[in-house]
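Beneath this line is the structure, given in C-alpha cells, with notes to follow.
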Amino acid sequence: MKLSPQKLRQIAEWFSEAGISDVIAEQEVSKKNKKTISTLAELKAVMSKVNIPMKECALNMVFGVGNENADILFVGEAPGAEEDKQGIPFVGQSGQLLDKIMNAVGLDRTKVYITNILPWRPPGNRTPTTEEMTLFRPYVLKHIALINPKIVVCLGGTASKTLLQTNDSLSQLRGRPVRIAEISAEIFATFHPAYLLRSPSQKREAWSDFLHIKSLLSAQH
Ligand code: URA
C-alpha cells in the first residue's frame, strides 16, 4: 500500500486538525532515529516521545512483554482498559483467552513475545484509524526486527492489515503464511481473541490456525 499524495495530504490535515503543528517534523526525526535504534529500550524511549493526542487519555504506554529471544511474536491491535491500567499487553479478558489458546498448543508467555500495533489505548476503545496504523507501522516493524522471531502472528484485522499493507479482509488473509520485504519472519493472520469471545463458534477455526502455527514453528527447528 503506497500512500498517494492525496492520502499524505489527508494525514497532514488529520495532524493539523488534531492541533499538533510540530508532529510531522517530529515523526521525521523519529524516522532517522529508527535507523539507529538497536535495543528495545531505545525503541521504547523513542516511541514514548511520539506526539499523538490519544496518549493524553491513556494511563500507561503498553510496549511489549515476553521472551525477547522468542521464535514467535504476536501482534494485537491496541491496549484495552486493563492493559492501559497495567501497562502490559493482553492481560484482560482477551489476554486470558489468548493464554488458554497458546497453552493448548504448548506455548506460554515465557516462550513468546507479545506487542500491539498501537502502544496507547485509543479513547473509548475505538478502532485505530488508518492514519494511526500508518504512523505506528514502522515502529512495529522495528520492534519485530529487534526480537527477530521466525513467525509473526497477527491477531485480527488491524494487525494483519497494518503489517501486510492490504485492505483484504481477515477471512481472505487467514490460513496461509506470507512474507513481506521488511522482515524475515513468516507472517500468519488469525482471529483476534476479542472476536472469539464474541463469536465462540469460530474457536474451532482458531484452533486449526494455532495447529498450523505450531507446525510452522516445528518446521523451523
Ligand atoms: N486487545 C489488543 O489488541 N491488545 C491488547 O493488548 C489487549 C486487547
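To be explicit about the labels: the chains of the C-alpha cells are called A, B, and onward in the order shown, and within each one the residues are counted from 1, while ligands get numbers from 1 in the order they are shown.
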What's around Ala58 of chain A at 9 Å? Count only C-alpha atoms, leave out sequence neighbours fewer than 5 positions away in its own chain, and write the answer as a list in words.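 Contacts, with the query itself left out: Asp84, Lys85, Trp120, Arg121, Pro122 and Pro123 of chain A.
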Please give me, as a ChimeraX atom specification, the residues lying within 12 Å of ligand 1 when counting only C-alpha atoms and all ligand atoms. /A:60-65,74-99,113-122,125-128,154-160,191-197
At a cut-off of 12 Å, using only C-alpha atoms, what residues contact Asn103 of chain A? Leave out same-chain residues fewer than 6 positions from it and give the result as a PyMOL selection string. chain A and resi 96-97+109-112+207+210-211+214
Which residues in chain A does DSSP call strand (DSSP E)? List them as number ranges by chain. A: 64-66, 72-76, 112-116, 151-155, 186-190
Please report, as a ChimeraX atom specification, each residue of segment 32-206 of chain A to which DSSP assigns helix (DSSP H, G or I) when run on this structure's backbone. /A:32-36,40-48,54-57,81-86,93-104,123-125,130-147,157-164,170-173,193-198,200-206
Which residues are close to Ser218 of chain A, i.e. within 12 Å by only C-alpha atoms, leaving aside same-chain residues fewer than 5 positions away? Reply as a list in words. Asp71, Ile72, Val105, Gly106, Lys150, Ile151, Leu211, His212 and Ile213 of chain A
To one decimal in Å, tell me the separation between atom CA of Leu40 of chain A and atom CA of Ile147 of chain A.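 For atom CA of Leu40 of chain A relative to atom CA of Ile147 of chain A, the distance reads 8.3 Å.
Computed from the coordinates, the atom CA of Thr190 of chain A to atom CA of Ile37 of chain A distance equals 29.6 Å.
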Figure out the distance between atom CA of Ala145 of chain A and atom CA of Lys161 of chain A, please, to one decimal in Å.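 Atom CA of Ala145 of chain A lies at a distance of 18.4 Å from atom CA of Lys161 of chain A.
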Residue with the minimum atom-to-atom distance to Leu163 of chain A, picked from A:Thr134, A:Asn69, A:Thr36, A:Ser208 with only C-alpha atoms counted, is A:Thr134
